[in-house]
Each structure stands twice: as C-alpha cells, then as structure tokens.
Amino acid sequence: MAERIGVYICHCGTNIAGTVNVDELTEFANGLDGVVVAQNYHYMCSDPGQALIKDDIKEHDLTRVVVASCSPLMHEPTFRRACAEAGLNAYLFQMANIREHASWVTEDHGKATLKAKRLVAAAIRRVQHHEPLEPMEVPVNPNALVVGAGITGIEAALKLADAGKKVYLVEREPSIGGQMSKFDKTFPTLDCAACILTPKMVSVGQHENIELLTYSEVEEVSGYVGNFKVRIKHKPRQVDLQKCTGCGICWEQCLGMRIPSKRTIRKGDLVINKA
Ligand SMILES: Cc1cc2nc3c(=O)[nH]c(=O)nc-3n(C[C@H](O)[C@H](O)[C@H](O)COP(=O)(O)OP(=O)(O)OC[C@H]3O[C@@H](n4cnc5c(N)ncnc54)[C@H](O)[C@@H]3O)c2cc1C
Ligand code: SF4
Ligand code: SF4
C-alpha cells in the first residue's frame, strides 16, 4: 500500500522563513511521491501547529508525517506525541532540520531553500521505510561504576551515591586522591588542596552506597546499557584495611619498594628524616 504522507514546514518566526522560501518549499514537497498534503505554519510546535498535524492525520488518513523545522533534540518528542494523540504510531514520523542545517548556516536565500528542499525530500523518502514501534520496559541495574578515584572520580561517586545509587569506585593505585593529593595549593584560587580533597576522601570511604576498590583495575566489560557485567582485578596487598593505620612502616621495611619523596622512618627509638 502506498504511504499517505503529510509534510509540515515551520517558519519558526523569521528563524526559518527569513531565509528559506517556505512557500516554494511547500509547493516542492507537495509534488513529491506519496505526499498527500503539505502545509507551512508560523510555529509548528505551538498548540495550533500541532492541531494542524492532528487534524490532517484524521482528515487525510495519513500513514506518515514529516515535520521540517528545528533539531529533533528540541521537538521530536513533541511531534511524536502529537502523532500518537491523533492515532498514528509515534515512530511513523520523521523530522527534517531546516533551521540549524539550512536557514541558520547561510544568509543566501537560494542556497538555504535548495538545502531545505534536499532535507525535506530525504525525510520523505526515509519516512516511507519507518516501521511502527512500541516502547518496551526492561529491568535496569541502576548501579554505577566509576573508574579512577582522583578528584573527578571521587566527586562523581559522591554525587551518584548521594542520589541513592550503589557505586563501585575503582582505583588502580593503593590510595585514592589522584594528582590533587600531591598538591599543596590549587591554581588559580590557591586554596589548600588537602582541605578540599581530604573531606571528600573520607566521605567516599564512609559512604554506605560506595564500595571502594583500591589497588584494582577493570579487566573486562561486557553486556549493554543497564545490564553491564564488569570483571575487576583486585591486586593482593596482604594488609587488613580495617586495622591498617597508614603508618607506612611496612613500606619502609619492604626491600622491593622505593619511595622517592622525603619521609620519616623509624629505627628503634631513633627517628631519621631521609630524602
Ligand atoms: C603537577 C600538576 C599540577 C596541577 N595543578 C593544578 C592546579 O593548581 N589547579 C587545577 O585546577 N588543576 C591542576 N592540575 C590538574 C589537576 O591535577 C587535575 O585537573 C585534577 O587533579 C584531575 O583530577 P582527575 O580526577 O580528573 O584525574 P587524576 O587526579 O589524574 O586522577 C585519576 C585517577 O584515576 C586513576 N586511574 C587512571 N587510570 C585508571 C584505570 N585504568 N583504572 C583505575 N584507576 C585508574 C589514577 O590512578 C588516578 O587516581 C595539575 C596537574 C598536575 C599534573
Ligand atoms: S518547531 Fe522548532 S522551528 Fe518550529 S517554531 Fe518550534 S522551535 Fe521553532
Ligand atoms: S605497617 Fe602501618 S601501613 Fe603497614 S599495614 Fe601495618 S598499619 Fe598499615
């Protein structure tokens, strides 16, 4: 069965009509295969604009709708809803962006109108291949994985955890904080880096929604949005984190370790500062 297509061209005030010749475009659309009705209107997304489409769907028994206006990011849901309200499956609709892709990118009326014609013709060809779709609901795992526990990862993890999500925060180093933990002051405000960072590090460690996996790396990610499976390699550190105070003595005693920064080590009662 041949499709019965309605085409609606928006002026967007002078945003489109100031550059694209909307009457010429409407006449052009009217002559294309499958087009039963083509109209232009000042503001297609307005209630009267949507009513125009809805009335035509019923009056002309339309099976497909094309709106030539702005970015689908702005009004695709608006027009899909209008189609559905008139009894047409919402996905039998196609939008052509003749504003951002034509009228806003040139002041040349002829070129803008020509480009708009091509976009509208393409949308009309495309919409004929659309199939009716039904949205479905699938269970989604709302847990989040944050990789890297520098200030960015810490902040992201805290925001997600405060919003009630379970967060796995993976850090490949034995300790969190990233670069910022090495600064004294931060540019440009010269705020004390530790004063900003350490309360957040503590919050991350204590937050009931955050599972902190330090000395760990993501090995494999599989699955899809809402249902990812992640394998994490947790390197052994031979330390009970609940009991460790971070005094550092084990590092000093370990012959395999080289700690470049200046530190204090203990030998019996003797305290020596070493570079
Ligand atoms: C010397 C220096 C001075 C700076 N001074 C300033 C300043 O004064 N003001 C300012 O605003 N910015 C400054 N910056 C920039 C600042 O460091 C960064 O903007 C900020 O710290 C970056 O934070 P981040 O969390 O994005 O990254 P990072 O602090 O780099 O943290 C990334 C974390 O991810 C971990 N990680 C990386 N890969 C993986 C992986 N595959 N798996 C698990 N964990 C991983 C790392 O170990 C690290 O802990 C400076 C940077 C440097 C290097
Ligand atoms: S549908 Fe888009 S282009 Fe038309 S008036 Fe509304 S915002 Fe402007
Ligand atoms: S020696 Fe200190 S840093 Fe090392 S595991 Fe024991 S408490 Fe932690």
# chains A, B, ... in the order shown; residues from 1 in each chain; ligands from 1

$ residues_near_ligand --ligand "ligand 2" --cutoff "6 Å" --atoms "only C-alpha atoms and all ligand atoms" --output "MDAnalysis selection string"
chainID A and resid 10 12 43:45 69:70

$ write_last_selection --atoms "C-alpha atoms" --output "PDB file, in the first residue's frame"
ATOM      1  CA  CYS A  10       7.727  25.566  10.076  1.00  0.00           C
ATOM      2  CA  CYS A  12       9.925  29.497  13.293  1.00  0.00           C
ATOM      3  CA  TYR A  43       5.190  27.992  14.810  1.00  0.00           C
ATOM      4  CA  MET A  44       4.700  24.285  14.256  1.00  0.00           C
ATOM      5  CA  CYS A  45       5.401  23.328  17.883  1.00  0.00           C
ATOM      6  CA  SER A  69      11.620  22.625  11.451  1.00  0.00           C
ATOM      7  CA  CYS A  70      14.383  22.580  14.057  1.00  0.00           C
TER       8      CYS A  70
END

$ closest_atom_pairs --of "chain A" --to "ligand 3" --cutoff "6 Å" --atoms "only C-alpha atoms and all ligand atoms" --output "tab-separated table"
residue	atom	partner	partner_atom_place_in_ligand_line	distance
A:Val239	CA	ligand 3	5 (S)	5.3
A:Cys244	CA	ligand 3	8 (Fe)	3.6
A:Thr245	CA	ligand 3	7 (S)	4.3
A:Gly246	CA	ligand 3	3 (S)	3.8
A:Cys247	CA	ligand 3	2 (Fe)	4.0
A:Gly248	CA	ligand 3	3 (S)	3.9
A:Ile249	CA	ligand 3	1 (S)	4.4
A:Cys250	CA	ligand 3	4 (Fe)	4.1

$ closest_atom_pairs --of "chain A" --to "ligand 1" --cutoff "8 Å" --atoms "only C-alpha atoms and all ligand atoms" --output "tab-separated table"
residue	atom	partner	partner_atom_place_in_ligand_line	distance
A:Val147	CA	ligand 1	43 (C)	5.1
A:Gly148	CA	ligand 1	34 (O)	3.1
A:Ala149	CA	ligand 1	33 (C)	4.7
A:Gly150	CA	ligand 1	25 (O)	3.2
A:Ile151	CA	ligand 1	25 (O)	4.0
A:Thr152	CA	ligand 1	25 (O)	3.7
A:Gly153	CA	ligand 1	25 (O)	5.4
A:Ile154	CA	ligand 1	25 (O)	7.2
A:Val170	CA	ligand 1	43 (C)	5.3
A:Glu171	CA	ligand 1	44 (N)	3.8
A:Arg172	CA	ligand 1	43 (C)	4.0
A:Glu173	CA	ligand 1	47 (O)	5.1
A:Ser175	CA	ligand 1	49 (O)	7.5
A:Ile176	CA	ligand 1	49 (O)	5.6
A:Gly177	CA	ligand 1	49 (O)	5.7
A:Gly178	CA	ligand 1	49 (O)	3.4
A:Gln179	CA	ligand 1	29 (O)	3.7
A:Met180	CA	ligand 1	21 (O)	4.4
A:Ser181	CA	ligand 1	29 (O)	7.8
A:Phe183	CA	ligand 1	3 (C)	6.8
A:Lys185	CA	ligand 1	8 (O)	6.3
A:Thr186	CA	ligand 1	8 (O)	3.5
A:Phe187	CA	ligand 1	8 (O)	3.3
A:Pro188	CA	ligand 1	9 (N)	6.1
A:Leu190	CA	ligand 1	8 (O)	7.4
A:Tyr215	CA	ligand 1	43 (C)	8.0
A:Ser216	CA	ligand 1	43 (C)	6.4
A:Glu217	CA	ligand 1	42 (N)	4.7
A:Val218	CA	ligand 1	42 (N)	6.0

$ write_last_selection --atoms "N, CA and C atoms" --output "mmCIF file, in the first residue's frame"
data_model
loop_
_atom_site.group_PDB
_atom_site.id
_atom_site.type_symbol
_atom_site.label_atom_id
_atom_site.label_comp_id
_atom_site.auth_asym_id
_atom_site.auth_seq_id
_atom_site.Cartn_x
_atom_site.Cartn_y
_atom_site.Cartn_z
ATOM 1 N N VAL A 147 35.528 4.696 37.295
ATOM 2 C CA VAL A 147 36.905 4.229 37.182
ATOM 3 C C VAL A 147 37.846 5.399 37.425
ATOM 4 N N GLY A 148 38.702 5.261 38.425
ATOM 5 C CA GLY A 148 39.659 6.304 38.769
ATOM 6 C C GLY A 148 39.133 7.147 39.916
ATOM 7 N N ALA A 149 39.886 7.156 40.995
ATOM 8 C CA ALA A 149 39.427 7.896 42.173
ATOM 9 C C ALA A 149 40.309 9.113 42.428
ATOM 10 N N GLY A 150 40.519 9.920 41.355
ATOM 11 C CA GLY A 150 41.067 11.262 41.539
ATOM 12 C C GLY A 150 39.902 12.130 42.009
ATOM 13 N N ILE A 151 40.108 13.453 42.008
ATOM 14 C CA ILE A 151 39.035 14.337 42.480
ATOM 15 C C ILE A 151 37.779 14.177 41.611
ATOM 16 N N THR A 152 37.979 13.937 40.306
ATOM 17 C CA THR A 152 36.826 13.785 39.411
ATOM 18 C C THR A 152 36.001 12.552 39.767
ATOM 19 N N GLY A 153 36.698 11.418 39.904
ATOM 20 C CA GLY A 153 36.001 10.171 40.218
ATOM 21 C C GLY A 153 35.350 10.221 41.589
ATOM 22 N N ILE A 154 36.056 10.831 42.533
ATOM 23 C CA ILE A 154 35.515 10.944 43.895
ATOM 24 C C ILE A 154 34.222 11.750 43.880
ATOM 25 N N VAL A 170 36.584 2.318 41.404
ATOM 26 C CA VAL A 170 37.782 1.503 41.184
ATOM 27 C C VAL A 170 39.004 2.402 41.001
ATOM 28 N N GLU A 171 40.024 2.151 41.775
ATOM 29 C CA GLU A 171 41.262 2.943 41.687
ATOM 30 C C GLU A 171 42.435 1.978 41.573
ATOM 31 N N ARG A 172 43.295 2.222 40.565
ATOM 32 C CA ARG A 172 44.377 1.262 40.356
ATOM 33 C C ARG A 172 45.529 1.426 41.362
ATOM 34 N N GLU A 173 45.639 2.625 41.929
ATOM 35 C CA GLU A 173 46.705 2.819 42.922
ATOM 36 C C GLU A 173 46.217 2.332 44.289
ATOM 37 N N SER A 175 46.046 4.004 46.913
ATOM 38 C CA SER A 175 45.307 5.048 47.630
ATOM 39 C C SER A 175 44.550 5.934 46.650
ATOM 40 N N ILE A 176 43.478 6.557 47.133
ATOM 41 C CA ILE A 176 42.681 7.431 46.259
ATOM 42 C C ILE A 176 43.198 8.885 46.362
ATOM 43 N N GLY A 177 42.684 9.735 45.512
ATOM 44 C CA GLY A 177 43.038 11.160 45.574
ATOM 45 C C GLY A 177 43.668 11.668 44.290
ATOM 46 N N GLY A 178 44.344 10.769 43.563
ATOM 47 C CA GLY A 178 44.929 11.144 42.272
ATOM 48 C C GLY A 178 45.940 12.275 42.388
ATOM 49 N N GLN A 179 46.039 13.079 41.350
ATOM 50 C CA GLN A 179 47.030 14.165 41.298
ATOM 51 C C GLN A 179 46.847 15.151 42.441
ATOM 52 N N MET A 180 45.600 15.441 42.762
ATOM 53 C CA MET A 180 45.331 16.520 43.723
ATOM 54 C C MET A 180 45.920 16.207 45.101
ATOM 55 N N SER A 181 46.080 14.915 45.392
ATOM 56 C CA SER A 181 46.637 14.563 46.706
ATOM 57 C C SER A 181 48.115 14.928 46.798
ATOM 58 N N PHE A 183 49.271 17.945 45.566
ATOM 59 C CA PHE A 183 49.451 19.404 45.563
ATOM 60 C C PHE A 183 49.374 19.977 46.966
ATOM 61 N N LYS A 185 48.786 23.678 47.124
ATOM 62 C CA LYS A 185 47.684 24.610 46.840
ATOM 63 C C LYS A 185 47.210 24.400 45.402
ATOM 64 N N THR A 186 45.962 24.798 45.167
ATOM 65 C CA THR A 186 45.431 24.621 43.807
ATOM 66 C C THR A 186 45.310 25.962 43.098
ATOM 67 N N PHE A 187 45.733 25.958 41.860
ATOM 68 C CA PHE A 187 45.586 27.118 40.988
ATOM 69 C C PHE A 187 44.131 27.157 40.500
ATOM 70 N N PRO A 188 43.463 28.295 40.311
ATOM 71 C CA PRO A 188 44.001 29.649 40.468
ATOM 72 C C PRO A 188 43.660 30.274 41.818
ATOM 73 N N LEU A 190 44.400 29.274 44.832
ATOM 74 C CA LEU A 190 45.375 28.979 45.887
ATOM 75 C C LEU A 190 44.723 28.437 47.154
ATOM 76 N N TYR A 215 43.662 -0.382 44.495
ATOM 77 C CA TYR A 215 44.662 -1.341 44.015
ATOM 78 C C TYR A 215 43.981 -2.347 43.078
ATOM 79 N N SER A 216 43.070 -1.822 42.290
ATOM 80 C CA SER A 216 42.226 -2.678 41.456
ATOM 81 C C SER A 216 42.124 -2.092 40.052
ATOM 82 N N GLU A 217 41.901 -2.965 39.088
ATOM 83 C CA GLU A 217 41.731 -2.474 37.716
ATOM 84 C C GLU A 217 40.622 -3.225 37.007
ATOM 85 N N VAL A 218 39.961 -2.505 36.112
ATOM 86 C CA VAL A 218 38.903 -3.131 35.311
ATOM 87 C C VAL A 218 39.581 -4.033 34.278
#

$ atom_distance --atom1 "atom CA of A:Lys117" --atom2 "atom CA of A:Asp47"
25.5 Å

$ residues_around --residues "A:Ser71" --least-positions-apart "2" --cutoff "7 Å" --atoms "only C-alpha atoms" --output "number ranges by chain"
A: 73-75, 97, 100

$ write_last_selection --atoms "N, CA and C atoms" --output "PDB file, in the first residue's frame"
ATOM      1  N   LEU A  73      16.386  17.209  18.621  1.00  0.00           N
ATOM      2  CA  LEU A  73      16.657  17.297  20.067  1.00  0.00           C
ATOM      3  C   LEU A  73      15.624  18.171  20.758  1.00  0.00           C
ATOM      4  N   MET A  74      15.128  19.194  20.023  1.00  0.00           N
ATOM      5  CA  MET A  74      14.175  20.119  20.624  1.00  0.00           C
ATOM      6  C   MET A  74      12.752  19.578  20.614  1.00  0.00           C
ATOM      7  N   HIS A  75      12.303  19.129  19.442  1.00  0.00           N
ATOM      8  CA  HIS A  75      10.861  18.881  19.346  1.00  0.00           C
ATOM      9  C   HIS A  75      10.453  17.528  18.767  1.00  0.00           C
ATOM     10  N   ASN A  97      15.686  18.867   9.775  1.00  0.00           N
ATOM     11  CA  ASN A  97      16.170  20.056  10.474  1.00  0.00           C
ATOM     12  C   ASN A  97      16.575  21.129   9.467  1.00  0.00           C
ATOM     13  N   GLU A 100      18.763  24.643  11.950  1.00  0.00           N
ATOM     14  CA  GLU A 100      20.201  24.545  12.232  1.00  0.00           C
ATOM     15  C   GLU A 100      20.999  24.101  10.999  1.00  0.00           C
TER      16      GLU A 100
END

$ closest_residue --among "A:Asp191, A:Glu85, A:Glu27, A:Asp33" --to "A:Gln50" --atoms "only C-alpha atoms"
A:Glu85

$ select_by_dssp --residues "stretch 51-250 of chain A" --states "helix (DSSP H, G or I)" --output "JSON, numbers by chain"
{"A": [51, 52, 53, 54, 55, 56, 57, 58, 59, 72, 73, 74, 75, 76, 77, 78, 79, 80, 81, 82, 83, 84, 85, 99, 100, 101, 102, 103, 109, 110, 111, 112, 113, 114, 115, 116, 117, 118, 119, 120, 121, 122, 123, 124, 125, 126, 127, 151, 152, 153, 154, 155, 156, 157, 158, 159, 160, 161, 162, 178, 179, 180, 181, 182, 193, 194, 195, 196, 197, 198, 199, 200, 201, 202, 203, 204, 205, 206, 249, 250]}

$ select_by_dssp --residues "stretch 1-241 of chain A" --states "strand (DSSP E or B)" --output "PyMOL selection string"
chain A and resi 5-10+35-41+64-69+93-97+144-147+167-170+185-186+191-192+210-213+216-224+227-234

$ atom_distance --atom1 "atom CA of A:Glu131" --atom2 "atom CA of A:Val7"
17.9 Å

$ residues_around --residues "A:His11" --least-positions-apart "2" --cutoff "9 Å" --atoms "only C-alpha atoms" --output "MDAnalysis selection string"
chainID A and resid 9 13:18 20 22 40:44 69

$ residues_around --residues "A:Lys115" --least-positions-apart "2" --cutoff "12 Å" --atoms "only C-alpha atoms" --output "VMD selection string"
chain A and resid 19 to 21 25 68 96 to 106 108 to 113 117 to 122

$ closest_residue --among "A:Met1, A:Leu145, A:Val66, A:Ala82" --to "A:Pro48" --atoms "only C-alpha atoms"
A:Ala82

$ atom_distance --atom1 "atom CA of A:Lys58" --atom2 "atom CA of A:Ala86"
6.9 Å

$ decode --residues "stretch 221-259 of chain A" --atoms "C-alpha atoms" --output "PDB file, in the first residue's frame"
ATOM      1  CA  VAL A 221      33.392  -5.030  30.467  1.00  0.00           C
ATOM      2  CA  SER A 222      30.577  -6.905  28.745  1.00  0.00           C
ATOM      3  CA  GLY A 223      26.802  -6.515  28.413  1.00  0.00           C
ATOM      4  CA  TYR A 224      24.892  -3.425  27.397  1.00  0.00           C
ATOM      5  CA  VAL A 225      23.314  -0.258  28.800  1.00  0.00           C
ATOM      6  CA  GLY A 226      21.541  -1.045  32.048  1.00  0.00           C
ATOM      7  CA  ASN A 227      22.978  -4.536  32.212  1.00  0.00           C
ATOM      8  CA  PHE A 228      26.772  -4.374  32.202  1.00  0.00           C
ATOM      9  CA  LYS A 229      28.997  -7.044  33.671  1.00  0.00           C
ATOM     10  CA  VAL A 230      32.436  -5.916  34.788  1.00  0.00           C
ATOM     11  CA  ARG A 231      35.361  -8.053  35.872  1.00  0.00           C
ATOM     12  CA  ILE A 232      37.732  -6.274  38.254  1.00  0.00           C
ATOM     13  CA  LYS A 233      41.196  -7.467  39.157  1.00  0.00           C
ATOM     14  CA  HIS A 234      41.812  -6.787  42.814  1.00  0.00           C
ATOM     15  CA  LYS A 235      45.549  -6.924  43.453  1.00  0.00           C
ATOM     16  CA  PRO A 236      46.547  -8.534  46.749  1.00  0.00           C
ATOM     17  CA  ARG A 237      48.087  -6.161  49.281  1.00  0.00           C
ATOM     18  CA  GLN A 238      48.394  -8.566  52.221  1.00  0.00           C
ATOM     19  CA  VAL A 239      47.004  -5.950  54.575  1.00  0.00           C
ATOM     20  CA  ASP A 240      43.823  -5.893  56.646  1.00  0.00           C
ATOM     21  CA  LEU A 241      42.468  -2.457  55.672  1.00  0.00           C
ATOM     22  CA  GLN A 242      40.260  -2.272  58.763  1.00  0.00           C
ATOM     23  CA  LYS A 243      43.307  -2.452  61.018  1.00  0.00           C
ATOM     24  CA  CYS A 244      45.868  -0.519  58.941  1.00  0.00           C
ATOM     25  CA  THR A 245      46.585   2.993  60.283  1.00  0.00           C
ATOM     26  CA  GLY A 246      48.651   4.014  57.267  1.00  0.00           C
ATOM     27  CA  CYS A 247      51.797   4.481  59.362  1.00  0.00           C
ATOM     28  CA  GLY A 248      53.958   3.363  56.410  1.00  0.00           C
ATOM     29  CA  ILE A 249      56.378   1.123  58.323  1.00  0.00           C
ATOM     30  CA  CYS A 250      55.663  -1.854  56.078  1.00  0.00           C
ATOM     31  CA  TRP A 251      56.696   0.199  53.036  1.00  0.00           C
ATOM     32  CA  GLU A 252      59.940   1.162  54.688  1.00  0.00           C
ATOM     33  CA  GLN A 253      60.750  -2.410  55.564  1.00  0.00           C
ATOM     34  CA  CYS A 254      59.901  -3.760  52.141  1.00  0.00           C
ATOM     35  CA  LEU A 255      63.112  -4.182  50.123  1.00  0.00           C
ATOM     36  CA  GLY A 256      61.210  -4.095  46.833  1.00  0.00           C
ATOM     37  CA  MET A 257      59.810  -0.608  47.456  1.00  0.00           C
ATOM     38  CA  ARG A 258      61.397   2.689  46.552  1.00  0.00           C
ATOM     39  CA  ILE A 259      59.633   5.721  47.902  1.00  0.00           C
TER      40      ILE A 259
END
